$ cat start-v3.cif   # mmCIF, C-alpha atoms and all ligand atoms
data_protein
#
loop_
_atom_site.label_atom_id
_atom_site.label_comp_id
_atom_site.auth_asym_id
_atom_site.auth_seq_id
_atom_site.Cartn_x
_atom_site.Cartn_y
_atom_site.Cartn_z
CA MET A 1 107.01 -184.56 59.11
CA GLY A 2 104.35 -184.79 61.74
CA CYS A 3 101.56 -186.65 63.44
CA SER A 4 102.81 -188.03 66.68
CA ASN A 5 102.91 -187.63 70.40
CA SER A 6 105.81 -188.13 72.80
CA GLY A 7 109.14 -188.87 71.19
CA LYS A 8 108.47 -186.53 68.31
CA THR A 9 110.10 -183.43 69.74
CA THR A 10 113.11 -185.43 70.87
CA LEU A 11 113.47 -186.90 67.38
CA LEU A 12 113.16 -183.45 65.82
CA GLU A 13 115.83 -182.08 68.12
CA LYS A 14 118.17 -184.90 67.18
CA LEU A 15 117.46 -184.38 63.48
CA ILE A 16 118.19 -180.66 63.79
CA GLN A 17 121.48 -181.42 65.53
CA ILE A 18 122.57 -184.09 63.04
CA LEU A 19 121.70 -181.97 59.99
CA ASN A 20 123.37 -178.95 61.61
CA ASP A 21 126.51 -181.00 62.14
CA ARG A 22 126.46 -181.88 58.46
CA GLY A 23 126.43 -178.19 57.59
CA TYR A 24 122.76 -177.63 56.76
CA ARG A 25 120.64 -174.70 57.89
CA VAL A 26 117.46 -176.04 59.44
CA GLY A 27 114.17 -174.28 60.07
CA THR A 28 111.23 -175.77 61.94
CA VAL A 29 107.52 -175.14 62.06
CA LYS A 30 105.46 -176.13 65.06
CA HIS A 31 101.74 -176.47 64.48
CA HIS A 32 99.60 -175.69 67.46
CA ARG A 33 95.83 -175.96 67.59
CA GLY A 34 95.49 -173.66 70.58
CA THR A 35 95.78 -169.90 70.81
CA PHE A 36 98.97 -168.17 69.85
CA GLU A 37 101.53 -167.79 72.56
CA PHE A 38 105.01 -166.42 72.41
CA ASP A 39 107.82 -168.76 73.05
CA LEU A 40 108.18 -170.10 76.57
CA SER A 41 111.11 -171.96 78.00
CA GLY A 42 110.60 -175.68 77.69
CA LYS A 43 108.10 -175.42 74.85
CA ASP A 44 108.77 -177.27 71.63
CA THR A 45 109.72 -174.15 69.70
CA TRP A 46 112.27 -173.29 72.37
CA ARG A 47 113.67 -176.81 72.25
CA HIS A 48 113.98 -176.59 68.45
CA ALA A 49 115.93 -173.33 68.73
CA ARG A 50 118.14 -174.76 71.45
CA ALA A 51 118.89 -177.77 69.23
CA GLY A 52 120.21 -175.42 66.54
CA ALA A 53 117.27 -174.55 64.29
CA GLU A 54 118.00 -171.16 62.72
CA MET A 55 114.37 -170.25 62.14
CA VAL A 56 111.54 -171.50 64.31
CA ALA A 57 107.93 -170.72 63.61
CA MET A 58 104.75 -171.56 65.45
CA SER A 59 101.63 -171.71 63.38
CA THR A 60 98.30 -171.44 65.21
CA PRO A 61 94.78 -170.45 64.27
CA ASP A 62 95.73 -166.98 65.57
CA GLY A 63 98.96 -166.42 63.78
CA LEU A 64 102.53 -167.28 63.15
CA GLY A 65 105.01 -166.70 65.91
CA LEU A 66 108.73 -166.09 66.29
CA VAL A 67 109.28 -165.31 62.64
CA LYS A 68 106.53 -162.80 62.23
CA LYS A 69 103.22 -162.21 63.96
CA LEU A 70 100.39 -162.42 61.49
CA THR A 71 96.69 -162.86 61.74
CA GLY A 72 94.71 -165.67 60.28
CA GLU A 73 95.53 -169.34 60.10
CA LEU A 74 98.44 -169.89 57.81
CA SER A 75 99.00 -172.84 55.58
CA LEU A 76 102.36 -174.49 55.26
CA GLU A 77 102.77 -172.91 51.85
CA GLN A 78 102.38 -169.46 53.42
CA ILE A 79 104.87 -170.21 56.13
CA ILE A 80 107.59 -171.49 53.84
CA PRO A 81 108.54 -168.10 52.31
CA PHE A 82 109.57 -166.97 55.79
CA MET A 83 111.98 -169.82 55.80
CA SER A 84 113.86 -168.79 52.68
CA GLY A 85 117.57 -169.29 53.19
CA MET A 86 117.04 -172.53 55.05
CA ASP A 87 118.30 -175.72 53.44
CA ILE A 88 115.36 -177.61 54.85
CA VAL A 89 112.25 -176.84 56.87
CA ILE A 90 111.00 -179.58 59.15
CA VAL A 91 107.35 -179.31 60.03
CA GLU A 92 105.98 -180.81 63.20
CA GLY A 93 102.45 -181.65 62.34
CA PHE A 94 99.16 -182.23 64.06
CA LYS A 95 98.32 -185.33 65.94
CA THR A 96 95.26 -186.76 64.25
CA GLY A 97 92.70 -188.55 66.36
CA SER A 98 94.18 -191.48 68.22
CA GLN A 99 96.97 -191.97 65.68
CA PRO A 100 99.97 -192.97 67.77
CA LYS A 101 103.66 -192.35 67.33
CA ILE A 102 103.97 -191.83 63.61
CA GLU A 103 106.27 -189.44 61.89
CA LEU A 104 105.67 -188.71 58.26
CA VAL A 105 108.30 -187.40 55.94
CA ARG A 106 106.61 -185.46 53.21
CA GLY A 107 107.48 -185.63 49.56
CA ALA A 108 106.07 -182.15 49.02
CA ILE A 109 104.64 -179.31 51.03
CA SER A 110 100.88 -179.33 50.93
CA GLN A 111 98.11 -177.63 52.83
CA GLN A 112 96.82 -180.87 54.26
CA PRO A 113 97.72 -181.47 57.89
CA VAL A 114 98.21 -185.16 57.16
CA CYS A 115 100.04 -186.12 54.03
CA PRO A 116 98.33 -188.53 51.66
CA GLN A 117 99.85 -191.96 51.45
CA GLU A 118 101.40 -191.38 48.03
CA GLU A 119 103.50 -188.58 49.53
CA LEU A 120 104.64 -190.79 52.35
CA LEU A 121 108.32 -191.60 52.12
CA ALA A 122 108.94 -193.18 55.49
CA LEU A 123 107.45 -193.82 58.90
CA VAL A 124 109.07 -193.46 62.27
CA SER A 125 107.31 -195.48 64.91
CA ASP A 126 107.67 -198.09 67.55
CA LEU A 127 104.56 -199.82 66.25
CA PRO A 128 104.52 -202.69 63.72
CA LEU A 129 103.04 -200.61 60.88
CA ASP A 130 103.02 -201.54 57.22
CA TYR A 131 102.36 -198.77 54.71
CA GLY A 132 104.77 -200.13 52.12
CA VAL A 133 107.40 -197.50 52.97
CA PRO A 134 110.59 -197.69 55.04
CA LEU A 135 109.88 -197.94 58.77
CA PHE A 136 112.35 -196.36 61.16
CA ASP A 137 112.66 -196.99 64.86
CA LEU A 138 111.93 -193.90 66.96
CA ASN A 139 115.51 -193.88 68.19
CA ASN A 140 117.00 -194.15 64.72
CA SER A 141 117.40 -190.41 64.20
CA THR A 142 120.55 -190.91 62.10
CA GLY A 143 118.64 -193.14 59.68
CA VAL A 144 115.90 -190.53 59.31
CA ALA A 145 118.49 -187.78 58.85
CA ASP A 146 120.19 -189.88 56.14
CA LEU A 147 116.88 -190.25 54.33
CA ILE A 148 116.17 -186.53 54.55
CA GLU A 149 119.64 -185.76 53.26
CA GLN A 150 119.47 -188.21 50.38
CA ARG A 151 115.95 -187.34 49.30
CA PHE A 152 115.99 -183.57 49.69
CA LEU A 153 119.31 -181.99 50.53
CA LEU A 154 121.82 -183.70 48.23
CA PRO A 155 119.67 -183.36 45.07
CA ALA A 156 119.24 -179.66 45.90
CA GLU A 157 122.98 -179.24 46.25
CA GLN A 158 123.49 -180.73 42.84
CA GLY A 159 121.54 -177.81 41.43
CA ALA A 160 118.79 -180.06 40.26
CA ARG A 161 115.35 -178.87 39.27
CA GLN A 162 113.19 -178.50 42.33
CA THR A 163 109.77 -178.40 40.77
CA LEU A 164 108.01 -180.05 37.88
CA SER A 165 106.72 -177.94 35.02
CA VAL A 166 103.03 -178.03 34.14
CA GLU A 167 103.83 -180.23 31.17
CA GLN A 168 105.90 -182.59 33.31
CA LYS A 169 103.09 -182.89 35.84
CA LYS A 170 100.85 -184.07 32.98
CA ARG A 171 103.45 -186.30 31.36
CA TYR A 172 104.34 -188.11 34.58
CA HIS A 173 100.93 -188.01 36.21
CA ARG A 174 100.56 -191.80 36.32
CA ASN A 175 104.01 -192.10 37.93
CA ILE A 176 103.21 -189.38 40.45
CA GLN A 177 100.01 -191.17 41.46
CA LEU A 178 101.94 -194.29 42.44
CA ALA A 179 102.39 -194.94 46.15
CA GLY A 180 105.87 -193.94 47.20
CA VAL A 181 106.56 -191.79 44.12
CA GLY A 182 104.77 -188.43 44.16
CA GLU A 183 106.36 -185.32 42.68
CA ALA A 184 109.47 -185.83 44.82
CA GLY A 185 109.94 -189.32 43.39
CA GLN A 186 109.49 -188.05 39.85
CA LEU A 187 112.06 -185.33 40.44
CA ARG A 188 114.36 -187.99 41.76
CA LEU A 189 113.94 -190.02 38.55
CA LEU A 190 114.61 -186.91 36.46
CA GLN A 191 117.81 -186.40 38.43
CA SER A 192 118.89 -190.05 38.00
CA SER A 193 121.15 -191.65 35.45
CA VAL A 194 121.26 -195.15 33.96
CA LEU A 195 123.84 -196.73 31.68
CA VAL A 196 122.25 -199.25 29.30
CA VAL A 197 124.84 -201.61 27.83
CA GLY A 198 123.39 -202.76 24.52
CA THR A 199 120.54 -201.30 22.46
CA GLY A 200 119.18 -204.49 20.93
CA GLY A 201 116.44 -206.90 21.98
CA LEU A 202 116.80 -206.19 25.70
CA GLY A 203 118.13 -202.65 25.43
CA SER A 204 115.16 -201.51 23.36
CA PRO A 205 112.47 -202.08 26.01
CA VAL A 206 114.87 -201.12 28.81
CA ALA A 207 115.70 -197.74 27.26
CA TYR A 208 112.13 -197.14 26.03
CA TYR A 209 110.58 -197.60 29.46
CA LEU A 210 113.33 -195.77 31.32
CA GLY A 211 113.03 -192.89 28.86
CA ALA A 212 109.26 -192.82 29.15
CA ALA A 213 109.51 -192.88 32.96
CA GLY A 214 111.68 -189.75 32.85
CA ILE A 215 115.09 -191.06 33.84
CA GLY A 216 116.94 -187.80 33.28
CA ARG A 217 120.22 -189.07 31.88
CA LEU A 218 120.46 -192.21 29.79
CA GLY A 219 123.78 -193.54 28.55
CA LEU A 220 123.60 -195.96 25.60
CA ILE A 221 126.60 -197.99 24.52
CA ASP A 222 126.59 -200.28 21.47
CA ALA A 223 129.06 -200.59 18.61
CA ASP A 224 126.62 -202.28 16.21
CA THR A 225 124.65 -200.89 13.32
CA VAL A 226 121.04 -201.75 12.57
CA ASP A 227 120.50 -204.82 10.40
CA TYR A 228 117.29 -206.27 8.90
CA SER A 229 117.65 -209.29 11.19
CA ASN A 230 117.37 -206.99 14.25
CA LEU A 231 113.95 -205.55 13.50
CA GLN A 232 111.99 -208.65 14.59
CA ARG A 233 112.73 -207.78 18.23
CA GLN A 234 114.78 -204.58 18.59
CA ILE A 235 111.81 -202.25 18.75
CA LEU A 236 113.76 -199.00 19.10
CA HIS A 237 114.87 -199.36 15.49
CA SER A 238 112.89 -199.14 12.26
CA THR A 239 113.42 -200.07 8.62
CA PRO A 240 114.79 -196.63 7.60
CA ASP A 241 117.48 -197.05 10.30
CA ILE A 242 119.22 -199.94 8.50
CA GLY A 243 122.95 -199.27 8.51
CA ARG A 244 122.83 -196.53 11.18
CA PHE A 245 124.54 -196.89 14.51
CA LYS A 246 122.02 -198.40 16.92
CA VAL A 247 122.81 -195.80 19.57
CA GLU A 248 121.97 -192.99 17.10
CA SER A 249 118.73 -194.60 16.04
CA ALA A 250 117.84 -195.27 19.69
CA SER A 251 118.68 -191.75 20.82
CA GLU A 252 116.49 -190.24 18.11
CA LYS A 253 113.46 -192.34 19.14
CA LEU A 254 113.94 -191.65 22.83
CA LEU A 255 114.23 -187.88 22.39
CA THR A 256 111.11 -187.88 20.22
CA LEU A 257 109.31 -189.78 22.97
CA ASN A 258 110.58 -187.54 25.76
CA PRO A 259 112.46 -184.25 25.25
CA ASP A 260 113.23 -184.13 29.01
CA LEU A 261 115.94 -186.72 28.49
CA GLU A 262 119.62 -186.27 28.09
CA VAL A 263 120.78 -189.21 25.98
CA ILE A 264 124.51 -189.83 25.78
CA THR A 265 125.57 -192.19 23.02
CA TYR A 266 128.73 -194.30 22.81
CA PRO A 267 129.04 -196.04 19.42
CA ASP A 268 131.66 -198.29 20.93
CA ARG A 269 132.18 -201.67 22.53
CA PHE A 270 131.91 -201.89 26.31
CA ASN A 271 135.33 -203.26 27.20
CA GLN A 272 137.98 -203.49 29.91
CA GLU A 273 139.43 -200.14 28.88
CA ASN A 274 136.31 -197.99 29.08
CA ALA A 275 134.23 -199.95 31.63
CA GLY A 276 135.38 -198.27 34.84
CA GLU A 277 135.03 -194.70 33.63
CA LEU A 278 131.60 -195.37 32.06
CA VAL A 279 130.16 -197.13 35.11
CA ARG A 280 131.46 -194.45 37.48
CA THR A 281 129.37 -191.68 35.96
CA TYR A 282 125.98 -193.39 36.26
CA ASP A 283 123.76 -194.32 39.20
CA ILE A 284 123.03 -197.84 37.96
CA VAL A 285 123.93 -200.09 35.03
CA VAL A 286 121.54 -202.29 33.06
CA ASP A 287 123.00 -205.27 31.24
CA ALA A 288 121.30 -205.59 27.88
CA THR A 289 124.07 -207.52 26.19
CA ASP A 290 123.99 -210.90 24.49
CA ASN A 291 127.21 -212.46 25.70
CA LEU A 292 128.88 -213.67 28.87
CA ALA A 293 132.22 -211.99 28.22
CA THR A 294 130.69 -208.50 28.34
CA ARG A 295 128.66 -209.41 31.43
CA PHE A 296 131.85 -210.39 33.23
CA ILE A 297 133.32 -207.00 32.37
CA ILE A 298 130.16 -205.19 33.56
CA ASN A 299 130.20 -207.21 36.77
CA GLN A 300 133.88 -206.53 37.43
CA ALA A 301 133.52 -202.79 36.84
CA CYS A 302 130.31 -202.50 38.88
CA VAL A 303 131.73 -204.43 41.85
CA ALA A 304 134.92 -202.32 41.71
CA GLU A 305 132.94 -199.07 41.61
CA GLY A 306 130.23 -200.21 44.01
CA LYS A 307 127.52 -199.64 41.39
CA PRO A 308 124.38 -201.74 41.21
CA PHE A 309 123.55 -203.50 37.98
CA ILE A 310 120.66 -205.46 36.60
CA TYR A 311 121.48 -208.66 34.78
CA GLY A 312 119.14 -209.91 32.08
CA GLY A 313 119.54 -212.75 29.63
CA VAL A 314 117.28 -214.29 26.97
CA LEU A 315 117.48 -217.20 24.56
CA SER A 316 114.85 -218.84 22.42
CA MET A 317 111.74 -218.87 24.65
CA VAL A 318 113.40 -218.48 28.05
CA GLY A 319 114.92 -215.63 30.01
CA GLN A 320 116.27 -214.68 33.40
CA CYS A 321 116.92 -211.58 35.46
CA MET A 322 118.69 -210.66 38.68
CA THR A 323 119.72 -207.47 40.44
CA ILE A 324 123.26 -207.17 41.78
CA LEU A 325 124.08 -204.85 44.66
CA PRO A 326 127.82 -205.29 45.21
CA GLY A 327 128.59 -206.44 48.74
CA LYS A 328 124.91 -206.86 49.61
CA GLY A 329 124.01 -209.86 47.49
CA PRO A 330 125.63 -212.30 45.10
CA CYS A 331 127.35 -210.87 42.04
CA PHE A 332 127.34 -212.36 38.56
CA ARG A 333 130.64 -214.18 39.17
CA CYS A 334 129.26 -215.73 42.38
CA ILE A 335 126.92 -217.64 40.07
CA PHE A 336 128.77 -217.96 36.78
CA ARG A 337 132.32 -218.60 37.89
CA GLU A 338 134.10 -219.40 34.65
CA ASP A 339 133.52 -218.12 31.15
CA PRO A 340 132.93 -221.36 29.20
CA GLY A 341 133.95 -219.61 26.02
CA ASP A 342 131.84 -218.67 23.04
CA LYS A 343 131.64 -222.16 21.57
CA ALA A 344 130.07 -223.84 24.58
CA ILE A 345 127.17 -221.42 24.76
CA LYS A 346 124.27 -221.32 22.40
CA THR A 347 123.32 -217.89 21.11
CA THR A 348 120.20 -216.37 19.64
CA LEU A 349 121.93 -216.86 16.31
CA ASP A 350 121.81 -220.62 16.85
CA VAL A 351 118.39 -221.14 18.36
CA GLY A 352 116.51 -217.90 17.74
CA ILE A 353 114.70 -215.61 20.14
CA LEU A 354 111.10 -214.46 20.24
CA GLY A 355 111.03 -210.67 20.32
CA SER A 356 108.43 -210.47 23.04
CA VAL A 357 110.49 -212.76 25.30
CA ALA A 358 113.30 -210.19 25.17
CA GLY A 359 110.58 -207.59 25.74
CA ILE A 360 109.41 -209.25 28.96
CA ILE A 361 112.89 -209.60 30.46
CA GLY A 362 113.91 -206.10 29.36
CA THR A 363 110.75 -204.71 30.92
CA ILE A 364 111.53 -206.49 34.20
CA GLU A 365 115.05 -205.02 34.11
CA ALA A 366 113.65 -201.51 33.58
CA THR A 367 111.24 -202.05 36.48
CA GLU A 368 114.07 -203.12 38.78
CA ALA A 369 116.13 -200.06 37.81
CA VAL A 370 113.24 -197.68 38.56
CA LYS A 371 112.57 -199.42 41.90
CA TYR A 372 116.22 -199.07 42.84
CA LEU A 373 116.30 -195.38 41.93
CA LEU A 374 113.14 -194.73 43.96
CA GLY A 375 114.24 -196.91 46.87
CA GLN A 376 110.97 -198.83 46.61
CA GLY A 377 109.97 -202.46 46.85
CA ASP A 378 111.99 -205.67 46.99
CA LEU A 379 114.72 -206.02 44.41
CA LEU A 380 115.77 -209.28 42.79
CA VAL A 381 118.86 -209.41 44.99
CA GLY A 382 119.91 -212.99 45.66
CA ARG A 383 116.91 -214.16 43.64
CA MET A 384 117.34 -215.27 40.04
CA LEU A 385 114.00 -214.89 38.30
CA THR A 386 113.66 -217.30 35.40
CA MET A 387 110.92 -217.44 32.83
CA ASP A 388 109.89 -220.20 30.45
CA ALA A 389 107.57 -218.59 27.94
CA LEU A 390 106.40 -221.86 26.38
CA GLY A 391 104.99 -223.13 29.66
CA MET A 392 104.57 -219.50 30.74
CA ASN A 393 106.17 -220.28 34.09
CA PHE A 394 108.08 -217.86 36.27
CA MET A 395 110.35 -219.35 38.85
CA GLU A 396 112.62 -217.86 41.48
CA VAL A 397 115.91 -219.49 42.40
CA GLU A 398 117.64 -218.38 45.58
CA VAL A 399 121.32 -217.65 45.05
CA LYS A 400 123.85 -216.85 47.75
CA ARG A 401 127.06 -214.88 47.90
CA ASP A 402 130.19 -216.94 47.41
CA VAL A 403 132.88 -215.89 49.90
CA THR A 404 135.53 -217.22 47.53
CA CYS A 405 134.20 -215.16 44.59
CA PRO A 406 137.16 -213.56 42.80
CA GLU A 407 135.18 -210.35 42.24
CA CYS A 408 133.17 -209.69 45.39
CA GLY A 409 134.55 -212.16 47.94
CA HIS A 410 136.66 -209.43 49.57
CA LEU A 411 133.70 -207.09 50.18
ZN ZN B 501 130.65 -212.37 43.61
#
$ encode --input "start-v3.cif" --output "structure tokens"
Amino acid sequence: MGCSNSGKTTLLEKLIQILNDRGYRVGTVKHHRGTFEFDLSGKDTWRHARAGAEMVAMSTPDGLGLVKKLTGELSLEQIIPFMSGMDIVIVEGFKTGSQPKIELVRGAISQQPVCPQEELLALVSDLPLDYGVPLFDLNNSTGVADLIEQRFLLPAEQGARQTLSVEQKKRYHRNIQLAGVGEAGQLRLLQSSVLVVGTGGLGSPVAYYLGAAGIGRLGLIDADTVDYSNLQRQILHSTPDIGRFKVESASEKLLTLNPDLEVITYPDRFNQENAGELVRTYDIVVDATDNLATRFIINQACVAEGKPFIYGGVLSMVGQCMTILPGKGPCFRCIFREDPGDKAIKTTLDVGILGSVAGIIGTIEATEAVKYLLGQGDLLVGRMLTMDALGMNFMEVEVKRDVTCPECGHL
């Protein structure tokens, strides 16, 4: 965090206090361009200590103060070992040029005084800036503390991997390059979990792309076995898989693609009995089913558990997709109130489905899931995206929450 003028120290003090109150040990580093000076009352380092920082360091061209006096200008990487034992080290950075009140939360420690944009997770400013990352008001110290806790402290508590291996840095390089991802974002994906309900025409691209992106834990549920009629669109399965459980065939392909994954298979139907327990153990659910009845069950379980889910549906040459955040946007039942029963609804068995149409919608679902897990971009919440592949038209329909919805009306 760094790059600001007045307001910065106050924000840092508040962050130290809030994180202290939540039981974290906080260290701070104050960068100073001038000569080294030991701590003086009223200086920033003193204020950090007063606020509750357990280790406070001042880095200057002359040395590092308070923790240990050293000679030579130290990089952040050299300072960090002194801070071992801290849950988090907050670095107050340089002010660059005329750059006004901006606080940067870094995705990773680097030697650069200003973090590159792809490492930028959030801005704190009273200026109308737009870097494509969350913007916090200078007084919103609780919001910044929440972000720090969610991005750095809670994953660490869960004993998750803290660094990428050399191989992982190569494998996920194109992800890491993306604005708002970086190594921290990739680690976050590796620590995430997604339940994919269905491993057919939609589930194949969903699971393939989530697996390739490095979603650490993928749950696959499907009771069906692979049939010749599936292979025209269900690209996770191949001819030698005929007769195998789809979840087994899918798991094998995904682990070949990416050995980082943990794939959990359920050769079972997603039903009222198992829905709640399944949904509870994943971060987000992707609907890759082919029937309304199962979608109602997914919706009910996700609303009850407060889990987001991505709805996707395809038929013939058309498809649609929407993201449901329970309590924050309309749920599936807000839109489709009553199950019209199997007979009233045409299925892919009746009118066919082009494989690539399922591919497009499944790929959009996977994209939404990754965006949600990274906390990036605008989700399809309250916006039903529909596609007509014959005309190749995409259209967005605004949908609103229904306060009388039997599932989410009470939220
Ligand atoms: Zn609803």
$ residues_near_ligand --input "start-v3.cif" --ligand "ligand ZN 501 (chain B)" --cutoff "10 Å" --atoms "all atoms listed in the file" --output "tab-separated table (two decimals) with C-alpha atoms, in the frame of the given file"
chain	number	residue	atom	x	y	z
A	299	ASN	CA	130.20	-207.21	36.77
A	300	GLN	CA	133.88	-206.53	37.43
A	303	VAL	CA	131.73	-204.43	41.85
A	324	ILE	CA	123.26	-207.17	41.78
A	326	PRO	CA	127.82	-205.29	45.21
A	327	GLY	CA	128.59	-206.44	48.74
A	328	LYS	CA	124.91	-206.86	49.61
A	329	GLY	CA	124.01	-209.86	47.49
A	330	PRO	CA	125.63	-212.30	45.10
A	331	CYS	CA	127.35	-210.87	42.04
A	332	PHE	CA	127.34	-212.36	38.56
A	333	ARG	CA	130.64	-214.18	39.17
A	334	CYS	CA	129.26	-215.73	42.38
A	335	ILE	CA	126.92	-217.64	40.07
A	336	PHE	CA	128.77	-217.96	36.78
A	337	ARG	CA	132.32	-218.60	37.89
A	400	LYS	CA	123.85	-216.85	47.75
A	401	ARG	CA	127.06	-214.88	47.90
A	402	ASP	CA	130.19	-216.94	47.41
A	403	VAL	CA	132.88	-215.89	49.90
A	404	THR	CA	135.53	-217.22	47.53
A	405	CYS	CA	134.20	-215.16	44.59
A	406	PRO	CA	137.16	-213.56	42.80
A	407	GLU	CA	135.18	-210.35	42.24
A	408	CYS	CA	133.17	-209.69	45.39
A	409	GLY	CA	134.55	-212.16	47.94
A	410	HIS	CA	136.66	-209.43	49.57
A	411	LEU	CA	133.70	-207.09	50.18
$ residues_near_point --input "start-v3.cif" --point "(120.8, -196.6, 10.8)" --cutoff "12 Å" --atoms "all atoms listed in the file" --output "PDB file with C-alpha atoms, in the coordinates of the input"
ATOM      1  CA  ASP A 224     126.620-202.280  16.210  1.00  0.00           C
ATOM      2  CA  THR A 225     124.650-200.890  13.320  1.00  0.00           C
ATOM      3  CA  VAL A 226     121.040-201.750  12.570  1.00  0.00           C
ATOM      4  CA  ASP A 227     120.500-204.820  10.400  1.00  0.00           C
ATOM      5  CA  TYR A 228     117.290-206.270   8.900  1.00  0.00           C
ATOM      6  CA  ASN A 230     117.370-206.990  14.250  1.00  0.00           C
ATOM      7  CA  LEU A 231     113.950-205.550  13.500  1.00  0.00           C
ATOM      8  CA  LEU A 236     113.760-199.000  19.100  1.00  0.00           C
ATOM      9  CA  HIS A 237     114.870-199.360  15.490  1.00  0.00           C
ATOM     10  CA  SER A 238     112.890-199.140  12.260  1.00  0.00           C
ATOM     11  CA  THR A 239     113.420-200.070   8.620  1.00  0.00           C
ATOM     12  CA  PRO A 240     114.790-196.630   7.600  1.00  0.00           C
ATOM     13  CA  ASP A 241     117.480-197.050  10.300  1.00  0.00           C
ATOM     14  CA  ILE A 242     119.220-199.940   8.500  1.00  0.00           C
ATOM     15  CA  GLY A 243     122.950-199.270   8.510  1.00  0.00           C
ATOM     16  CA  ARG A 244     122.830-196.530  11.180  1.00  0.00           C
ATOM     17  CA  PHE A 245     124.540-196.890  14.510  1.00  0.00           C
ATOM     18  CA  LYS A 246     122.020-198.400  16.920  1.00  0.00           C
ATOM     19  CA  VAL A 247     122.810-195.800  19.570  1.00  0.00           C
ATOM     20  CA  GLU A 248     121.970-192.990  17.100  1.00  0.00           C
ATOM     21  CA  SER A 249     118.730-194.600  16.040  1.00  0.00           C
ATOM     22  CA  ALA A 250     117.840-195.270  19.690  1.00  0.00           C
ATOM     23  CA  SER A 251     118.680-191.750  20.820  1.00  0.00           C
ATOM     24  CA  GLU A 252     116.490-190.240  18.110  1.00  0.00           C
ATOM     25  CA  LYS A 253     113.460-192.340  19.140  1.00  0.00           C
ATOM     26  CA  PRO A 267     129.040-196.040  19.420  1.00  0.00           C
TER      27      PRO A 267
END
$ residues_near_point --input "start-v3.cif" --point "(110.6, -210.9, 45.5)" --cutoff "12 Å" --atoms "all atoms listed in the file" --output "PyMOL selection string"
chain A and resi 321-323+368+377-385+394-398
$ atom_distance --input "start-v3.cif" --atom1 "CA of Ile361 (chain A)" --atom2 "CA of Leu210 (chain A)"
13.9 Å
$ closest_residue --input "start-v3.cif" --among "A:Leu153, A:Ile298, A:Leu164, A:Met387" --to "Gly198 (chain A)" --atoms "all atoms listed in the file"
A:Ile298
$ atom_distance --input "start-v3.cif" --atom1 "CA of Ser204 (chain A)" --atom2 "CA of Gly362 (chain A)"
7.7 Å
$ closest_residue --input "start-v3.cif" --among "A:Leu195, A:Val357, A:Leu11, A:Leu374" --to "Ala179 (chain A)" --atoms "all atoms listed in the file"
A:Leu374
$ build_atoms --input "start-v3.cif" --residues "region 262-273 of chain A" --atoms "N, CA and C atoms" --output "CSV table (one decimal), in the frame of the given file"
chain,number,residue,atom,x,y,z
A,262,GLU,N,118.3,-186.5,28.6
A,262,GLU,CA,119.6,-186.3,28.1
A,262,GLU,C,120.1,-187.7,27.7
A,263,VAL,N,120.3,-187.9,26.4
A,263,VAL,CA,120.8,-189.2,26.0
A,263,VAL,C,122.2,-189.1,25.5
A,264,ILE,N,123.1,-189.9,26.1
A,264,ILE,CA,124.5,-189.8,25.8
A,264,ILE,C,124.8,-191.1,25.0
A,265,THR,N,125.4,-191.0,23.8
A,265,THR,CA,125.6,-192.2,23.0
A,265,THR,C,127.1,-192.5,22.9
A,266,TYR,N,127.4,-193.8,23.0
A,266,TYR,CA,128.7,-194.3,22.8
A,266,TYR,C,128.7,-195.4,21.7
A,267,PRO,N,129.0,-195.0,20.5
A,267,PRO,CA,129.0,-196.0,19.4
A,267,PRO,C,130.3,-196.9,19.5
A,268,ASP,N,130.4,-197.6,20.6
A,268,ASP,CA,131.7,-198.3,20.9
A,268,ASP,C,131.4,-199.6,21.6
A,269,ARG,N,132.4,-200.5,21.7
A,269,ARG,CA,132.2,-201.7,22.5
A,269,ARG,C,132.4,-201.3,24.0
A,270,PHE,N,131.7,-202.0,24.9
A,270,PHE,CA,131.9,-201.9,26.3
A,270,PHE,C,133.0,-202.9,26.6
A,271,ASN,N,134.2,-202.4,27.0
A,271,ASN,CA,135.3,-203.3,27.2
A,271,ASN,C,136.1,-202.9,28.5
A,272,GLN,N,137.2,-203.7,28.7
A,272,GLN,CA,138.0,-203.5,29.9
A,272,GLN,C,138.5,-202.1,30.0
A,273,GLU,N,138.8,-201.5,28.9
A,273,GLU,CA,139.4,-200.1,28.9
A,273,GLU,C,138.5,-199.0,29.3
